[in-house]
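As stored in work00.csv (CSV, C-alpha atoms):
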chain,number,residue,atom,x,y,z
N,1356,MET,CA,-30.8,-16.2,-3.3
N,1357,ALA,CA,-27.4,-14.9,-4.2
N,1358,SER,CA,-26.9,-11.2,-4.2
N,1359,LEU,CA,-25.5,-9.1,-7.0
N,1360,ARG,CA,-21.7,-8.5,-7.1
N,1361,LYS,CA,-20.6,-5.0,-6.5
N,1362,ALA,CA,-20.2,-2.8,-9.5
N,1363,SER,CA,-16.5,-2.5,-9.3
N,1364,ALA,CA,-16.3,-6.2,-10.4
N,1365,TYR,CA,-17.5,-5.0,-13.8
N,1366,SER,CA,-15.8,-1.6,-13.9
N,1367,LYS,CA,-14.0,-2.1,-17.2
N,1368,LYS,CA,-15.0,1.2,-18.8
N,1369,LYS,CA,-14.7,0.2,-22.5
N,1370,VAL,CA,-15.7,2.5,-25.3
N,1371,VAL,CA,-17.3,-0.3,-27.3
N,1372,PRO,CA,-19.9,-2.5,-25.6
N,1373,PHE,CA,-19.5,-6.2,-25.6
N,1374,THR,CA,-22.5,-7.6,-27.4
N,1375,ARG,CA,-21.2,-10.6,-29.4
N,1376,VAL,CA,-24.1,-13.0,-29.7
N,1377,SER,CA,-24.2,-15.5,-32.6
N,1378,LYS,CA,-27.4,-16.5,-34.4
N,1379,ARG,CA,-26.1,-20.1,-34.3
N,1380,ARG,CA,-25.8,-20.9,-30.6
N,1381,GLN,CA,-22.8,-23.1,-30.8
N,1382,LYS,CA,-20.7,-20.5,-32.6
N,1383,SER,CA,-20.8,-17.9,-29.8
N,1384,TYR,CA,-19.5,-17.8,-26.3
N,1385,ILE,CA,-22.7,-16.1,-25.2
N,1386,LYS,CA,-25.6,-18.6,-25.5
N,1387,THR,CA,-28.4,-16.5,-24.0
N,1388,VAL,CA,-28.7,-12.7,-23.5
N,1389,PRO,CA,-30.0,-11.6,-20.1
N,1390,PRO,CA,-33.5,-10.1,-20.3
N,1391,GLN,CA,-34.0,-6.3,-20.2
N,1392,LYS,CA,-35.0,-5.0,-16.8
N,1393,ILE,CA,-36.1,-1.6,-18.0
N,1394,VAL,CA,-39.8,-1.8,-18.7
N,1395,LYS,CA,-40.4,1.6,-20.2
N,1396,PHE,CA,-38.1,4.3,-21.6
N,1397,SER,CA,-40.7,7.1,-21.9
N,1398,MET,CA,-43.3,8.1,-19.4
N,1399,GLY,CA,-45.8,10.9,-18.9
N,1400,LYS,CA,-47.5,13.0,-21.6
N,1401,GLU,CA,-45.6,13.0,-24.9
N,1402,SER,CA,-48.4,15.1,-26.5
N,1403,LEU,CA,-48.0,18.0,-24.0
N,1404,TYR,CA,-44.3,18.1,-24.8
N,1405,ASN,CA,-44.9,18.1,-28.5
N,1406,GLU,CA,-47.3,21.0,-28.1
N,1407,GLY,CA,-44.8,23.1,-26.2
N,1408,LYS,CA,-46.7,23.1,-22.9
N,1409,LEU,CA,-43.7,21.7,-20.9
N,1410,PRO,CA,-41.1,24.4,-21.3
N,1411,HIS,CA,-39.0,23.7,-18.2
N,1412,GLN,CA,-36.5,20.9,-19.0
N,1413,LEU,CA,-34.1,19.1,-16.8
N,1414,THR,CA,-31.4,16.7,-17.9
N,1415,VAL,CA,-29.4,14.4,-15.7
N,1416,VAL,CA,-25.8,14.0,-17.0
N,1417,ALA,CA,-23.0,11.6,-16.0
N,1418,ALA,CA,-20.0,13.6,-14.7
N,1419,GLU,CA,-17.6,10.7,-15.4
N,1420,LYS,CA,-17.1,7.5,-17.5
N,1421,VAL,CA,-19.1,4.7,-16.0
N,1422,GLN,CA,-21.1,1.6,-16.6
N,1423,ILE,CA,-24.7,1.8,-15.3
N,1424,ARG,CA,-26.5,-1.5,-14.8
N,1425,HIS,CA,-29.9,-2.0,-16.1
N,1426,ASN,CA,-31.3,-2.8,-12.7
N,1427,ALA,CA,-30.0,0.5,-11.3
N,1428,LEU,CA,-31.6,2.4,-14.2
N,1429,GLU,CA,-34.9,0.6,-13.6
N,1430,ALA,CA,-34.8,1.4,-9.8
N,1431,CYS,CA,-34.2,5.1,-10.6
N,1432,ARG,CA,-36.9,5.0,-13.3
N,1433,GLN,CA,-39.6,3.6,-10.9
N,1434,TYR,CA,-38.7,6.1,-8.1
N,1435,ILE,CA,-38.6,9.2,-10.3
N,1436,ASN,CA,-41.8,8.2,-12.2
N,1437,LYS,CA,-43.7,7.6,-9.0
N,1438,LYS,CA,-42.7,10.9,-7.4
N,1439,LEU,CA,-43.4,13.0,-10.6
N,1440,ASP,CA,-46.7,11.3,-11.2
N,1441,LYS,CA,-47.9,12.0,-7.7
N,1442,GLU,CA,-46.6,15.6,-7.6
N,1443,THR,CA,-47.5,16.9,-11.1
N,1444,ASN,CA,-50.8,15.0,-11.8
N,1445,SER,CA,-49.3,13.5,-15.0
N,1446,GLN,CA,-48.3,16.9,-16.4
N,1447,TYR,CA,-44.7,15.9,-17.2
N,1448,LEU,CA,-42.5,13.9,-19.6
N,1449,PHE,CA,-39.8,11.6,-18.3
N,1450,ARG,CA,-37.3,9.6,-20.4
N,1451,VAL,CA,-34.6,7.1,-19.7
N,1452,ILE,CA,-32.0,7.8,-22.4
N,1453,PRO,CA,-29.3,5.1,-22.4
N,1454,PHE,CA,-30.2,1.6,-23.6
N,1455,PRO,CA,-28.1,-1.1,-21.9
N,1456,HIS,CA,-26.3,-3.2,-24.5
N,1457,HIS,CA,-23.1,-4.3,-22.8
N,1458,ILE,CA,-23.4,-7.9,-21.5
N,1459,GLN,CA,-21.7,-8.3,-18.2
N,1460,ARG,CA,-20.1,-11.7,-17.5
N,1461,GLU,CA,-19.2,-13.5,-14.2
N,1462,ASN,CA,-16.8,-16.4,-13.7
N,1463,LYS,CA,-18.4,-17.9,-10.6
N,1464,MET,CA,-16.0,-19.4,-8.2
N,1465,LEU,CA,-17.0,-22.0,-5.6
N,1466,THR,CA,-16.0,-21.8,-1.9
N,1467,GLY,CA,-15.8,-24.3,0.8
N,1468,ALA,CA,-14.3,-27.8,1.3
N,1469,GLY,CA,-13.6,-29.7,-1.9
N,1470,ALA,CA,-14.2,-26.7,-4.1
N,1471,ASP,CA,-10.7,-27.0,-5.7
N,1472,ARG,CA,-11.7,-30.3,-7.4
N,1473,MET,CA,-15.0,-28.9,-8.8
N,1474,GLN,CA,-13.8,-25.9,-10.7
N,1475,SER,CA,-11.1,-24.9,-13.1
N,1476,GLY,CA,-10.0,-21.6,-11.7
N,1477,MET,CA,-8.9,-19.1,-14.3
N,1478,GLN,CA,-8.6,-21.7,-17.1
N,1479,LEU,CA,-11.3,-21.0,-19.7
N,1480,ALA,CA,-12.6,-18.2,-17.5
N,1481,TYR,CA,-14.8,-16.4,-20.0
N,1482,GLY,CA,-17.8,-16.3,-17.6
N,1483,LYS,CA,-21.6,-16.5,-17.9
N,1484,PRO,CA,-23.8,-13.6,-18.7
N,1485,MET,CA,-25.2,-12.0,-15.5
N,1486,GLY,CA,-26.7,-8.8,-16.7
N,1487,LYS,CA,-26.5,-5.8,-19.0
N,1488,ALA,CA,-25.1,-2.3,-18.6
N,1489,ALA,CA,-25.1,1.0,-20.4
N,1490,ILE,CA,-21.6,2.4,-21.0
N,1491,MET,CA,-21.7,6.1,-20.4
N,1492,LYS,CA,-19.1,8.6,-21.5
N,1493,ASN,CA,-18.3,11.8,-19.7
N,1494,ASN,CA,-21.3,14.3,-20.0
N,1495,SER,CA,-23.6,11.8,-21.5
N,1496,ARG,CA,-27.3,12.1,-20.7
N,1497,ILE,CA,-29.0,9.6,-18.4
N,1498,PHE,CA,-32.5,11.0,-17.7
N,1499,PHE,CA,-34.6,13.8,-19.2
N,1500,VAL,CA,-37.6,15.5,-17.5
N,1501,ALA,CA,-39.9,18.2,-18.9
N,1502,VAL,CA,-42.4,19.9,-16.6
N,1503,SER,CA,-44.8,22.8,-16.8
N,1504,ASN,CA,-44.0,25.2,-14.0
N,1505,PRO,CA,-40.9,26.4,-12.1
N,1506,LYS,CA,-42.2,25.0,-8.7
N,1507,THR,CA,-42.1,21.5,-10.2
N,1508,VAL,CA,-38.5,22.1,-11.3
N,1509,GLN,CA,-37.4,22.4,-7.7
N,1510,PHE,CA,-39.3,19.2,-6.8
N,1511,ALA,CA,-37.6,17.4,-9.7
N,1512,ARG,CA,-34.2,18.5,-8.5
N,1513,LYS,CA,-35.0,17.2,-5.1
N,1514,VAL,CA,-36.0,13.8,-6.5
N,1515,PHE,CA,-32.7,13.7,-8.5
N,1516,ARG,CA,-30.8,14.3,-5.4
N,1517,GLN,CA,-32.6,11.4,-3.7
N,1518,VAL,CA,-31.8,9.1,-6.7
N,1519,ARG,CA,-28.1,10.0,-6.7
N,1520,SER,CA,-27.3,7.1,-4.3
N,1521,LYS,CA,-28.7,4.5,-6.7
N,1522,LEU,CA,-26.3,5.6,-9.5
N,1523,PRO,CA,-22.7,4.5,-9.6
N,1524,CYS,CA,-21.4,7.9,-10.7
N,1525,LYS,CA,-21.4,11.6,-10.0
N,1526,ILE,CA,-24.2,13.4,-11.7
N,1527,LYS,CA,-25.0,17.0,-12.9
N,1528,VAL,CA,-28.5,18.4,-13.5
N,1529,LEU,CA,-28.7,20.8,-16.4
N,1530,TYR,CA,-31.8,23.1,-16.6
N,1531,GLU,CA,-33.2,24.8,-19.7
N,1532,ASP,CA,-36.2,27.2,-19.8
N,1533,PHE,CA,-38.1,27.5,-23.1
N,1534,SER,CA,-41.1,29.5,-21.8
N,1535,LYS,CA,-42.2,32.5,-23.7
N,1536,LYS,CA,-40.6,35.7,-22.3
Could you express the structure from this file as structure tokens?
Amino acid sequence: MASLRKASAYSKKKVVPFTRVSKRRQKSYIKTVPPQKIVKFSMGKESLYNEGKLPHQLTVVAAEKVQIRHNALEACRQYINKKLDKETNSQYLFRVIPFPHHIQRENKMLTGAGADRMQSGMQLAYGKPMGKAAIMKNNSRIFFVAVSNPKTVQFARKVFRQVRSKLPCKIKVLYEDFSKK
């Protein structure tokens, strides 16, 4: 099984995502779109949030322009959701905010003896779709968590620190308290 290329291979931080897919397959360079790896975008109790019973809100924000792959978002989602579910007994709301649209391409190159006769190098080097990414601007939101008590806020901050290594950018955690004073 081949491993993923490192993220710097796809580090073109465009403002507009590349999503060109034709309805007629022969008209487009992209024949198939890679499947979405993020299973859920909203977890926890939406009803508690709507009733105002989750006043402590944390938002994870990207501190720089970056592309975040869908498999990195899914890995973070699984970890954060598991930890919050165990700690808060399902008294939380967790959302993954960006939706990966940008299709990443890879022009695979062969190595080894005789490889020069089997590939065309950079001629027609458009590449095949390998995955998707969300293009994040500076200070754009990545994750949102709402919890009921201040003790859980500290736990959520700790979980975000643990997830930092899975994300390809520096992050900031913003906190808001909407409890009645």
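Nearest to Arg1512 in chain N of all the residues N:Ala1430, N:Leu1465, N:Ile1490, N:Val1415 is N:Val1415, counting only C-alpha atoms.
The residue that comes closest to Leu1428 in chain N, out of N:Pro1389, N:Pro1505, N:Pro1455, N:Gly1399 and on the basis of all atoms listed in the file, is N:Pro1455.
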TODO: Compile the contact shell of Phe1533 in chain N as a list in words: residues with an atom at most 10 Å away, counting all atoms listed in the file, same-chain residues fewer than 4 positions apart removed.
DONE: Gly1407, Lys1408, Leu1409, Pro1410, His1411 and Gln1412 of chain N
- [ ] Could you tell me how far CA of Leu1359 in chain N lies from CA of Lys1525 in chain N, in Å and to one decimal?
- [x] 21.3 Å
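With distances taken over all atoms listed in the file, N:Ala1489 is the one residue among N:Ile1497, N:Leu1413, N:Leu1529, N:Ala1489 lying closest to Gln1391 in chain N.
Proximity of N:Ser1495, N:Asn1444, N:Thr1466, N:Ser1358 to Ala1417 in chain N, computed with all atoms listed in the file, is greatest for N:Ser1495.
When all atoms listed in the file are used to measure the gap to His1457 in chain N, the shortest distance among N:Leu1522, N:Ala1488, N:Val1388, N:Leu1479 belongs to N:Ala1488.
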- [ ] Please identify all polymer residues within 12 Å of Cys1431 in chain N, counting all atoms listed in the file, omitting same-chain residues fewer than 6 positions from it, and present them as a PyMOL selection string.
- [x] chain N and resi 1392-1393+1395-1396+1415+1423-1425+1437-1438+1449-1451+1497-1498+1514-1523
Once you count all atoms listed in the file, which residues end up no further than 8 Å from (-14.8, 8.6, -14.3) in the file's frame, shown as a PDB file with C-alpha atoms, in the coordinates of the input?
ATOM      1  CA  ALA N1418     -20.000  13.600 -14.700  1.00  0.00           C
ATOM      2  CA  GLU N1419     -17.600  10.700 -15.400  1.00  0.00           C
ATOM      3  CA  LYS N1420     -17.100   7.500 -17.500  1.00  0.00           C
ATOM      4  CA  VAL N1421     -19.100   4.700 -16.000  1.00  0.00           C
ATOM      5  CA  ASN N1493     -18.300  11.800 -19.700  1.00  0.00           C
ATOM      6  CA  CYS N1524     -21.400   7.900 -10.700  1.00  0.00           C
TER       7      CYS N1524
END
